[in-house]
file model.cif (mmCIF, C-alpha atoms and all ligand atoms)
data_entry
#
loop_
_atom_site.label_atom_id
_atom_site.label_comp_id
_atom_site.auth_asym_id
_atom_site.auth_seq_id
_atom_site.Cartn_x
_atom_site.Cartn_y
_atom_site.Cartn_z
CA MET A 3 -98.77 0.20 53.82
CA LYS A 4 -95.10 0.30 53.05
CA CYS A 5 -92.42 -1.27 55.20
CA VAL A 6 -88.68 -0.97 54.96
CA VAL A 7 -86.32 -3.67 56.17
CA VAL A 8 -82.79 -2.44 56.76
CA GLY A 9 -80.20 -5.18 56.14
CA ALA A 10 -80.53 -8.15 53.76
CA GLY A 11 -78.82 -10.75 55.93
CA LEU A 12 -80.80 -13.86 56.81
CA THR A 13 -82.72 -11.92 59.49
CA GLY A 14 -83.71 -9.11 57.15
CA LEU A 15 -84.71 -11.50 54.37
CA ALA A 16 -86.85 -13.52 56.80
CA ALA A 17 -88.50 -10.31 58.03
CA ALA A 18 -89.14 -9.19 54.45
CA TRP A 19 -90.67 -12.57 53.63
CA GLU A 20 -93.05 -12.29 56.59
CA LEU A 21 -94.10 -8.78 55.56
CA THR A 22 -94.54 -9.82 51.92
CA ARG A 23 -96.73 -12.77 52.92
CA ALA A 24 -98.96 -10.36 54.80
CA GLY A 25 -99.47 -8.37 51.59
CA THR A 26 -97.39 -5.39 52.64
CA GLU A 27 -95.24 -3.48 50.16
CA VAL A 28 -91.65 -4.09 51.22
CA VAL A 29 -88.32 -2.54 50.36
CA VAL A 30 -85.11 -4.12 51.69
CA LEU A 31 -82.18 -1.72 51.86
CA GLU A 32 -78.76 -3.39 51.91
CA SER A 33 -75.46 -1.53 52.10
CA GLU A 34 -73.47 -4.28 50.34
CA ARG A 35 -73.81 -5.29 46.69
CA ARG A 36 -74.93 -8.78 47.70
CA ALA A 37 -77.81 -10.04 49.87
CA GLY A 38 -77.17 -12.73 52.50
CA GLY A 39 -74.90 -10.99 55.03
CA VAL A 40 -72.58 -13.56 56.58
CA VAL A 41 -74.41 -16.39 54.75
CA LEU A 42 -72.16 -16.71 51.72
CA SER A 43 -71.65 -19.69 49.40
CA GLU A 44 -69.41 -19.95 46.36
CA ARG A 45 -69.07 -22.61 43.70
CA ARG A 46 -65.62 -23.37 42.35
CA GLU A 47 -64.53 -26.19 40.05
CA GLY A 48 -67.30 -28.49 41.27
CA PHE A 49 -66.76 -27.63 44.95
CA LEU A 50 -69.21 -25.74 47.16
CA VAL A 51 -67.49 -23.41 49.61
CA GLU A 52 -69.22 -21.77 52.56
CA GLY A 53 -67.78 -18.55 53.94
CA GLY A 54 -70.15 -18.35 56.91
CA PRO A 55 -72.64 -20.81 58.39
CA ASP A 56 -72.94 -24.31 56.99
CA GLY A 57 -75.71 -25.81 59.10
CA PHE A 58 -78.46 -25.39 61.63
CA LEU A 59 -79.79 -27.22 64.67
CA ALA A 60 -82.01 -30.12 63.69
CA GLY A 61 -84.30 -29.57 66.67
CA GLU A 62 -85.30 -26.08 65.57
CA GLY A 63 -87.96 -25.98 62.88
CA ASP A 64 -87.54 -22.38 61.70
CA ILE A 65 -85.38 -23.08 58.66
CA PRO A 66 -87.36 -26.14 57.44
CA ALA A 67 -90.63 -24.18 57.86
CA LEU A 68 -89.27 -21.24 55.89
CA ALA A 69 -87.80 -23.53 53.22
CA ASP A 70 -91.19 -25.27 52.86
CA GLU A 71 -92.98 -21.95 52.41
CA LEU A 72 -90.49 -21.05 49.70
CA GLY A 73 -90.93 -24.42 47.99
CA LEU A 74 -87.31 -25.29 48.82
CA GLY A 75 -87.96 -27.94 51.46
CA ASP A 76 -86.46 -30.68 49.29
CA ARG A 77 -83.21 -28.70 48.94
CA LEU A 78 -82.24 -29.11 52.62
CA VAL A 79 -79.69 -31.85 53.06
CA ASP A 80 -78.95 -34.11 56.01
CA GLN A 81 -75.59 -34.17 57.69
CA LEU A 82 -73.78 -37.34 56.67
CA ALA A 83 -71.15 -37.53 59.39
CA ARG A 84 -71.61 -36.60 63.03
CA GLY A 85 -69.43 -36.06 66.04
CA ALA A 86 -66.07 -34.36 66.40
CA THR A 87 -62.65 -35.16 67.79
CA LEU A 88 -60.24 -33.18 69.96
CA TRP A 89 -56.68 -32.38 68.83
CA THR A 90 -54.58 -32.73 71.98
CA GLY A 91 -51.36 -31.64 70.29
CA GLN A 92 -50.38 -35.28 69.81
CA ARG A 93 -53.47 -37.11 68.61
CA LEU A 94 -57.18 -36.79 67.80
CA GLU A 95 -59.38 -38.10 70.61
CA PRO A 96 -63.17 -38.66 70.54
CA LEU A 97 -65.34 -35.84 71.96
CA ALA A 98 -68.77 -36.19 73.58
CA GLN A 99 -71.70 -34.94 71.47
CA GLY A 100 -72.14 -31.17 71.81
CA ARG A 101 -68.70 -30.61 73.41
CA ALA A 102 -67.20 -29.15 70.24
CA ALA A 103 -69.50 -26.09 70.23
CA GLU A 104 -68.95 -25.73 73.98
CA LEU A 105 -65.16 -25.75 73.57
CA LEU A 106 -65.38 -23.16 70.82
CA GLY A 107 -67.52 -21.00 73.11
CA ILE A 108 -70.18 -20.50 70.47
CA GLN A 109 -73.91 -20.37 70.94
CA VAL A 110 -74.54 -22.03 67.61
CA ALA A 111 -74.43 -25.74 66.90
CA THR A 112 -74.98 -27.47 63.64
CA ASP A 113 -76.74 -30.65 62.86
CA VAL A 114 -78.75 -30.59 59.65
CA GLY A 115 -77.21 -28.47 57.01
CA ALA A 116 -77.10 -26.51 53.86
CA PHE A 117 -79.39 -23.56 53.89
CA ARG A 118 -78.58 -20.77 51.52
CA THR A 119 -80.23 -17.40 51.10
CA GLU A 120 -80.41 -17.32 47.28
CA GLY A 121 -83.89 -18.92 47.22
CA LEU A 122 -85.23 -16.39 49.67
CA ALA A 123 -83.58 -13.48 47.89
CA ALA A 124 -84.95 -14.72 44.55
CA ARG A 125 -88.52 -14.75 45.92
CA LEU A 126 -88.14 -11.20 47.22
CA GLY A 127 -86.70 -10.13 43.86
CA ALA A 128 -86.74 -6.41 43.13
CA SER A 129 -87.77 -5.56 46.70
CA ILE A 130 -84.09 -5.93 47.61
CA ARG A 131 -82.05 -2.85 46.85
CA PRO A 132 -78.36 -3.65 47.09
CA ALA A 133 -75.68 -1.00 47.60
CA GLN A 134 -78.23 1.20 49.37
CA GLY A 135 -77.09 1.53 52.95
CA VAL A 136 -79.17 3.46 55.45
CA THR A 137 -77.29 6.43 56.84
CA GLY A 138 -80.03 7.90 59.00
CA ILE A 139 -83.54 7.34 60.24
CA ALA A 140 -85.98 9.88 61.67
CA PRO A 141 -89.59 9.79 62.88
CA THR A 142 -92.22 11.58 60.76
CA ALA A 143 -95.91 12.32 61.38
CA ARG A 144 -96.88 8.96 59.83
CA GLY A 145 -93.94 6.68 60.34
CA TRP A 146 -90.27 6.93 59.46
CA ARG A 147 -88.01 8.63 56.95
CA LEU A 148 -84.81 6.83 55.99
CA ALA A 149 -81.77 8.48 54.45
CA VAL A 150 -79.98 6.24 51.97
CA THR A 151 -76.39 6.36 50.67
CA GLY A 152 -76.25 8.73 47.73
CA GLY A 153 -78.66 11.15 49.41
CA SER A 154 -82.11 9.76 48.58
CA LEU A 155 -84.89 9.57 51.16
CA LEU A 156 -87.50 6.87 51.67
CA GLU A 157 -90.75 7.07 53.65
CA ALA A 158 -92.06 4.01 55.51
CA ASP A 159 -95.02 3.19 57.72
CA GLY A 160 -93.05 0.50 59.51
CA VAL A 161 -89.39 -0.48 59.78
CA VAL A 162 -87.44 -3.59 60.78
CA LEU A 163 -83.81 -2.88 61.59
CA ALA A 164 -82.03 -6.15 60.79
CA VAL A 165 -78.49 -4.80 60.94
CA PRO A 166 -75.65 -5.62 63.35
CA THR A 167 -76.29 -4.06 66.76
CA TRP A 168 -73.53 -1.47 66.50
CA VAL A 169 -75.28 -0.10 63.38
CA ALA A 170 -78.77 -0.23 64.97
CA ALA A 171 -77.40 1.50 68.09
CA ARG A 172 -75.94 4.33 66.04
CA LEU A 173 -79.00 4.82 63.81
CA LEU A 174 -81.47 4.78 66.70
CA ALA A 175 -79.39 6.95 69.02
CA ALA A 176 -79.19 9.57 66.26
CA ALA A 177 -83.00 9.31 65.93
CA GLY A 178 -83.37 10.25 69.59
CA VAL A 179 -83.59 6.75 71.11
CA ALA A 180 -80.69 7.12 73.54
CA GLU A 181 -81.47 3.75 75.19
CA ALA A 182 -80.44 2.02 71.95
CA ARG A 183 -76.78 2.69 72.86
CA GLU A 184 -77.19 -0.25 75.22
CA LEU A 185 -77.16 -2.49 72.13
CA ASP A 186 -73.56 -1.51 71.54
CA THR A 187 -72.48 -3.73 74.45
CA VAL A 188 -72.71 -6.73 72.08
CA VAL A 189 -69.22 -7.71 70.93
CA TYR A 190 -68.80 -9.38 67.53
CA ALA A 191 -65.81 -11.74 67.63
CA PRO A 192 -63.53 -11.66 64.59
CA SER A 193 -63.29 -14.91 62.68
CA VAL A 194 -61.38 -16.23 59.69
CA THR A 195 -62.30 -19.31 57.68
CA ALA A 196 -59.93 -20.96 55.22
CA SER A 197 -61.32 -23.57 52.82
CA LEU A 198 -58.69 -25.84 51.28
CA ALA A 199 -59.23 -28.21 48.37
CA TYR A 200 -57.18 -31.41 48.02
CA ARG A 201 -57.23 -34.63 46.11
CA ARG A 202 -58.66 -37.30 48.40
CA ASP A 203 -55.43 -39.32 48.19
CA GLN A 204 -53.50 -36.39 49.75
CA LEU A 205 -55.19 -37.08 53.10
CA ASN A 206 -53.44 -40.01 54.66
CA GLY A 207 -54.87 -40.09 58.19
CA ARG A 208 -58.16 -41.79 59.18
CA LEU A 209 -60.94 -39.26 59.66
CA GLU A 210 -63.48 -39.74 62.47
CA GLY A 211 -66.69 -37.68 62.62
CA SER A 212 -67.17 -34.41 60.77
CA GLY A 213 -64.21 -32.45 62.10
CA PHE A 214 -61.95 -31.63 65.03
CA VAL A 215 -61.51 -28.93 67.64
CA ARG A 216 -58.09 -27.95 69.01
CA ALA A 217 -57.68 -28.27 72.79
CA ALA A 218 -57.38 -24.78 74.34
CA GLU A 219 -54.00 -25.52 75.98
CA THR A 220 -52.29 -26.45 72.69
CA ASP A 221 -50.58 -23.99 70.35
CA GLY A 222 -51.83 -23.24 66.86
CA ALA A 223 -53.86 -20.86 64.73
CA VAL A 224 -56.55 -23.37 63.69
CA ARG A 225 -59.27 -23.51 66.36
CA ALA A 226 -61.36 -26.10 64.55
CA CYS A 227 -61.69 -27.81 61.21
CA THR A 228 -64.66 -29.28 59.35
CA TYR A 229 -64.25 -32.19 56.92
CA THR A 230 -66.74 -30.46 54.69
CA TRP A 231 -66.98 -33.12 52.00
CA VAL A 232 -67.57 -35.81 54.64
CA LYS A 233 -70.12 -33.75 56.59
CA TYR A 234 -72.43 -32.79 53.70
CA PRO A 235 -73.11 -34.25 50.27
CA GLY A 236 -72.11 -32.38 47.12
CA ARG A 237 -69.28 -30.31 48.60
CA ALA A 238 -66.46 -31.73 46.46
CA PRO A 239 -66.34 -33.70 43.21
CA PRO A 240 -65.68 -37.45 43.53
CA GLY A 241 -62.05 -38.15 44.41
CA TYR A 242 -61.54 -34.72 46.02
CA ALA A 243 -61.66 -33.39 49.56
CA LEU A 244 -62.61 -30.01 51.01
CA LEU A 245 -61.46 -28.92 54.48
CA ARG A 246 -62.60 -25.76 56.22
CA ALA A 247 -60.45 -24.38 59.02
CA PHE A 248 -61.60 -21.79 61.55
CA LEU A 249 -58.75 -19.56 62.66
CA GLU A 250 -58.10 -16.81 65.15
CA PRO A 251 -57.03 -13.66 63.32
CA ALA A 252 -53.22 -13.97 63.12
CA ASP A 253 -50.26 -12.58 61.20
CA GLY A 254 -49.55 -14.37 57.94
CA ASP A 255 -51.60 -16.02 55.22
CA PRO A 256 -54.48 -17.91 56.90
CA ALA A 257 -54.56 -20.55 54.13
CA ALA A 258 -50.83 -21.28 54.52
CA LEU A 259 -51.16 -21.40 58.33
CA ALA A 260 -54.15 -23.72 58.06
CA HIS A 261 -52.47 -26.01 55.54
CA GLY A 262 -49.33 -26.26 57.71
CA GLU A 263 -51.30 -27.28 60.80
CA LEU A 264 -53.70 -29.59 58.95
CA ALA A 265 -50.74 -31.35 57.36
CA THR A 266 -49.66 -32.35 60.88
CA VAL A 267 -53.08 -33.13 62.36
CA LEU A 268 -54.60 -34.97 59.41
CA GLY A 269 -51.49 -36.26 57.68
CA VAL A 270 -51.98 -34.18 54.53
CA SER A 271 -49.27 -34.52 51.88
CA GLY A 272 -48.50 -32.05 49.12
CA MET A 273 -50.06 -28.62 48.65
CA PRO A 274 -53.74 -27.66 48.42
CA LEU A 275 -55.13 -27.39 44.88
CA TRP A 276 -56.52 -24.01 45.85
CA SER A 277 -57.74 -22.17 48.90
CA ARG A 278 -60.37 -19.56 49.71
CA VAL A 279 -60.22 -17.37 52.79
CA PHE A 280 -63.05 -15.33 54.31
CA HIS A 281 -62.26 -12.66 56.89
CA TRP A 282 -65.11 -11.74 59.20
CA ARG A 283 -63.88 -8.69 61.05
CA ARG A 284 -67.04 -8.84 63.12
CA GLY A 285 -68.32 -12.42 63.01
CA VAL A 286 -70.45 -14.12 65.65
CA PRO A 287 -71.92 -11.83 68.37
CA ARG A 288 -71.30 -12.52 72.04
CA TYR A 289 -73.61 -11.12 74.69
CA LYS A 290 -72.68 -9.67 78.06
CA PRO A 291 -74.76 -10.62 81.13
CA GLY A 292 -78.09 -8.76 81.18
CA HIS A 293 -78.42 -8.78 77.38
CA ALA A 294 -82.07 -9.92 77.30
CA GLU A 295 -83.05 -7.17 79.75
CA ARG A 296 -81.26 -4.53 77.67
CA VAL A 297 -83.01 -5.70 74.49
CA ALA A 298 -86.38 -5.68 76.29
CA HIS A 299 -85.68 -2.16 77.53
CA VAL A 300 -84.87 -0.88 74.03
CA ARG A 301 -87.96 -2.58 72.56
CA GLU A 302 -90.14 -1.08 75.29
CA ARG A 303 -88.83 2.36 74.39
CA LEU A 304 -89.42 1.72 70.67
CA ARG A 305 -93.06 0.85 71.33
CA ARG A 306 -93.63 4.53 72.13
CA LEU A 307 -92.66 5.46 68.56
CA ALA A 308 -94.08 4.63 65.14
CA PRO A 309 -93.81 0.89 64.29
CA LEU A 310 -90.13 -0.08 64.29
CA ASP A 311 -88.46 -3.18 65.65
CA ILE A 312 -84.94 -4.52 65.98
CA ALA A 313 -83.90 -8.03 64.99
CA GLY A 314 -80.86 -10.14 64.20
CA ALA A 315 -77.97 -12.16 65.49
CA GLY A 316 -76.87 -9.42 67.87
CA VAL A 317 -80.35 -9.15 69.37
CA ASP A 318 -82.14 -12.51 69.69
CA GLY A 319 -79.48 -15.23 69.18
CA ALA A 320 -76.59 -15.87 66.81
CA GLY A 321 -77.66 -19.14 65.16
CA VAL A 322 -79.33 -19.08 61.76
CA SER A 323 -82.59 -20.52 63.17
CA ALA A 324 -82.71 -17.80 65.83
CA CYS A 325 -82.10 -15.17 63.11
CA VAL A 326 -85.02 -16.43 61.00
CA ARG A 327 -87.25 -16.43 64.10
CA SER A 328 -86.05 -12.99 65.16
CA GLY A 329 -86.72 -11.45 61.73
CA ARG A 330 -90.16 -13.00 61.37
CA GLU A 331 -91.25 -12.09 64.90
CA ALA A 332 -90.06 -8.49 64.51
CA ALA A 333 -92.01 -8.27 61.24
CA ARG A 334 -95.13 -9.66 62.96
CA ARG A 335 -94.86 -7.07 65.73
CA VAL A 336 -94.56 -4.28 63.16
CA LEU A 337 -97.55 -5.69 61.25
CA GLU A 338 -99.58 -5.90 64.44
CA ARG A 339 -98.93 -2.26 65.15
CA LEU A 340 -99.69 -1.26 61.58
CA GLY A 341 -102.96 -3.19 61.90
CA THR A 342 -103.81 -1.02 64.89
CA ASN A 343 -103.09 2.05 62.79
CA ARG A 344 -105.34 0.84 60.00
CA VAL A 345 -108.31 0.74 62.35
CA GLY A 346 -107.59 4.24 63.55
CA GLY A 347 -104.99 3.87 66.28
CA SER A 348 -102.26 6.43 66.68
CA PRO A 349 -98.75 5.55 65.53
CA PHE A 350 -97.55 7.45 68.62
CA PRO A 351 -99.16 5.61 71.55
CA GLY A 352 -96.66 7.21 73.94
C1 LIG A 401 -67.87 -17.81 60.05
C2 LIG A 401 -69.26 -18.00 60.61
C3 LIG A 401 -69.80 -19.28 60.72
C4 LIG A 401 -71.07 -19.46 61.24
N1 LIG A 401 -71.58 -20.73 61.32
C5 LIG A 401 -72.85 -20.92 61.74
C6 LIG A 401 -73.46 -22.20 61.68
O1 LIG A 401 -72.86 -23.15 61.17
N2 LIG A 401 -74.74 -22.34 62.13
C7 LIG A 401 -75.45 -21.28 62.63
O2 LIG A 401 -76.59 -21.48 63.04
N3 LIG A 401 -74.92 -20.02 62.66
C8 LIG A 401 -73.65 -19.82 62.23
N4 LIG A 401 -73.11 -18.55 62.22
C9 LIG A 401 -73.93 -17.42 62.71
C10 LIG A 401 -74.97 -16.92 61.70
O3 LIG A 401 -74.55 -17.21 60.38
C11 LIG A 401 -75.18 -15.41 61.78
O4 LIG A 401 -75.34 -15.04 63.13
C12 LIG A 401 -76.39 -14.95 60.97
O5 LIG A 401 -76.30 -15.37 59.63
C13 LIG A 401 -76.49 -13.44 61.06
O6 LIG A 401 -77.56 -12.98 60.25
P1 LIG A 401 -78.08 -11.47 60.37
O7 LIG A 401 -79.01 -11.25 59.23
O8 LIG A 401 -78.63 -11.21 61.74
O9 LIG A 401 -76.78 -10.57 60.25
P2 LIG A 401 -75.84 -10.31 58.98
O10 LIG A 401 -75.67 -11.53 58.19
O11 LIG A 401 -74.64 -9.62 59.55
O12 LIG A 401 -76.68 -9.29 58.09
C14 LIG A 401 -76.77 -7.92 58.37
C15 LIG A 401 -76.87 -7.18 57.04
O13 LIG A 401 -77.03 -5.78 57.29
C16 LIG A 401 -76.27 -5.09 56.31
N5 LIG A 401 -76.05 -3.72 56.80
C17 LIG A 401 -75.18 -3.29 57.75
N6 LIG A 401 -75.29 -1.96 57.90
C18 LIG A 401 -76.26 -1.53 57.05
C19 LIG A 401 -76.84 -0.26 56.76
N7 LIG A 401 -76.45 0.87 57.39
N8 LIG A 401 -77.80 -0.20 55.82
C20 LIG A 401 -78.23 -1.32 55.16
N9 LIG A 401 -77.70 -2.55 55.39
C21 LIG A 401 -76.74 -2.64 56.34
C22 LIG A 401 -75.01 -5.91 56.19
O14 LIG A 401 -74.31 -5.62 54.99
C23 LIG A 401 -75.59 -7.33 56.19
O15 LIG A 401 -75.93 -7.78 54.91
C24 LIG A 401 -71.84 -18.34 61.68
C25 LIG A 401 -71.30 -17.05 61.56
C26 LIG A 401 -70.03 -16.86 61.03
C27 LIG A 401 -69.49 -15.46 60.89
#
call {"tool": "encode", "arguments": {"input": "model.cif", "output": "structure tokens", "more": "lines below"}}
Ligand SMILES: Cc1cc2nc3c(=O)[nH]c(=O)nc-3n(C[C@H](O)[C@H](O)[C@H](O)COP(=O)(O)OP(=O)(O)OC[C@H]3O[C@@H](n4cnc5c(N)ncnc54)[C@H](O)[C@@H]3O)c2cc1C
result
Amino acid sequence: MKCVVVGAGLTGLAAAWELTRAGTEVVVLESERRAGGVVLSERREGFLVEGGPDGFLAGEGDIPALADELGLGDRLVDQLARGATLWTGQRLEPLAQGRAAELLGIQVATDVGAFRTEGLAARLGASIRPAQGVTGIAPTARGWRLAVTGGSLLEADGVVLAVPTWVAARLLAAAGVAEARELDTVVYAPSVTASLAYRRDQLNGRLEGSGFVRAAETDGAVRACTYTWVKYPGRAPPGYALLRAFLEPADGDPAALAHGELATVLGVSGMPLWSRVFHWRRGVPRYKPGHAERVAHVRERLRRLAPLDIAGAGVDGAGVSACVRSGREAARRVLERLGTNRVGGSPFPG
């Protein structure tokens, strides 16, 4: 049995792990040169900078369970500071627990932090094929044939599509699954993060909680800011501070915009030691009403074909825990159907 996972973001890596555990031969095809998708961490001069997610909901056990299976359970770190404040345009005011995520209009909330995909990618090793994007997918007598950038073809008994929904919609529609176009109703909001390093003594204001959110009625490019080095351990060397600002896409240098506004809000003096900006042209997905029904409809249609399932932030929830769950569950459904095949069932029940 050979399965192909398309996309090596957190969802695809989780799906590949589930398939590997079941003893299936797995290939993960990733269009970029790096695995991890929007999960992206960089080390710089003793700082740890996150480009995408930095935490997950404590109440959801998916990440701890996966980390334990990988032998990385002791690498998860607890959040040190909790709570957020609201920038009213004049001052920072306390915010009720959970209100920050609500104000930002995001479906993700963070509590316990620091999960990175390197450990998972390392365990999957050579199964991951970077810079090999899937350009087409077609049903065969046994399963699926995937066309890969550069012109090569790959046969698979089962497939998990763990790519953003606009990619899945295009690939499946071209394979004759017209219903998959419904997935293209998911809109991925653009997002920019600017991480700024300072000496601790450059921050003159008193910091409450782990960050602030800007009130909607006030002007500014920075929507929210995390006091990264206060929130999690090991983010900045002793005596230094690391701030991460979330900005709306705007004209101008995001790091300069962020520094200008943070200087006012947090009483920062002098210039940042350095900055690092990440542009996510299509960041966190937002669903339109009826999303769950559309996903169920597409999955129902896919059940009439050889084993193939869809998974990911644009399908089953944007948070990292939901992505791990989505990838693993899609893999289990594919395995279940392959199991049926092994005992003589047809791959084309429809
Ligand atoms: C700035 C930011 C901050 C966030 N913060 C948090 C947070 O703190 N907590 C939280 O829970 N969540 C957070 N999220 C959300 C969460 O990180 C993402 O929803 C999740 O990581 C998405 O994982 P994914 O694998 O589904 O998608 P992706 O990470 O987008 O992975 C999809 C992969 O598919 C690849 N691909 C695309 N097309 C093809 C193709 N044709 N062939 C092969 N490969 C292809 C892509 O290159 C990519 O690697 C944040 C997101 C962003 C952008």
call {"tool": "residues_around", "arguments": {"input": "model.cif", "residues": "Val267 of chain A", "least_positions_apart": "2", "cutoff": "8 Å", "atoms": "all atoms listed in the file", "output": "number ranges by chain"}}
result
A: 89, 93-94, 263-265, 269-270
call {"tool": "residues_near_ligand", "arguments": {"input": "model.cif", "ligand": "ligand LIG 401 (chain A)", "cutoff": "7 Å", "atoms": "all atoms listed in the file", "output": "JSON, numbers by chain"}}
result
{"A": [8, 9, 10, 11, 12, 13, 14, 31, 32, 33, 34, 37, 38, 39, 40, 41, 53, 54, 55, 56, 57, 58, 59, 110, 111, 112, 134, 135, 136, 137, 164, 165, 166, 169, 193, 194, 195, 282, 285, 286, 313, 314, 315, 316, 320, 321, 322, 323, 325]}
call {"tool": "closest_residue", "arguments": {"input": "model.cif", "among": "A:Arg296, A:Arg172, A:Arg278, A:Arg147", "to": "Ala199 of chain A", "atoms": "all atoms listed in the file"}}
result
A:Arg278
call {"tool": "closest_residue", "arguments": {"input": "model.cif", "among": "A:Leu173, A:Leu68, A:Ala247, A:Val189", "to": "Arg288 of chain A", "atoms": "only C-alpha atoms"}}
result
A:Val189
call {"tool": "atom_distance", "arguments": {"input": "model.cif", "atom1": "atom CA of Glu62 of chain A", "atom2": "atom CA of Arg327 of chain A"}}
result
10.0 Å
call {"tool": "closest_residue", "arguments": {"input": "model.cif", "among": "A:Ala177, A:Lys233, A:Thr119, A:Val161", "to": "Leu42 of chain A", "atoms": "all atoms listed in the file"}}
result
A:Thr119
call {"tool": "residues_near_point", "arguments": {"input": "model.cif", "point": "(-54.0, -40.9, 49.6)", "cutoff": "10 Å", "atoms": "all atoms listed in the file", "output": "list in words"}}
result
Arg201, Arg202, Asp203, Gln204, Leu205, Asn206, Gly207, Gly241, Gly269, Val270 and Ser271 of chain A
call {"tool": "closest_residue", "arguments": {"input": "model.cif", "among": "A:Pro192, A:Arg305, A:Arg131, A:Gly73", "to": "Val28 of chain A", "atoms": "all atoms listed in the file"}}
result
A:Arg131
call {"tool": "closest_residue", "arguments": {"input": "model.cif", "among": "A:Val297, A:Leu97, A:Val279, A:Ile65", "to": "Arg84 of chain A", "atoms": "only C-alpha atoms"}}
result
A:Leu97
call {"tool": "closest_residue", "arguments": {"input": "model.cif", "among": "A:Gly48, A:Gly152, A:Pro240, A:Gly63", "to": "Ala324 of chain A", "atoms": "only C-alpha atoms"}}
result
A:Gly63
call {"tool": "residues_around", "arguments": {"input": "model.cif", "residues": "Glu295 of chain A", "least_positions_apart": "6", "cutoff": "12 Å", "atoms": "only C-alpha atoms", "output": "count of residues only"}}
result
8
call {"tool": "residues_near_point", "arguments": {"input": "model.cif", "point": "(-87.8, -5.1, 51.4)", "cutoff": "8 Å", "atoms": "only C-alpha atoms", "output": "PyMOL selection string"}}
result
chain A and resi 5-8+15+18+27-31+126+129-131
call {"tool": "atom_distance", "arguments": {"input": "model.cif", "atom1": "atom CA of Phe280 of chain A", "atom2": "atom CA of Gln81 of chain A"}}
result
22.9 Å
call {"tool": "atom_distance", "arguments": {"input": "model.cif", "atom1": "atom CA of Val300 of chain A", "atom2": "atom CA of Arg183 of chain A"}}
result
8.9 Å
call {"tool": "residues_around", "arguments": {"input": "model.cif", "residues": "Thr90 of chain A", "least_positions_apart": "6", "cutoff": "8 Å", "atoms": "all atoms listed in the file", "output": "PyMOL selection string"}}
result
chain A and resi 216-217+220
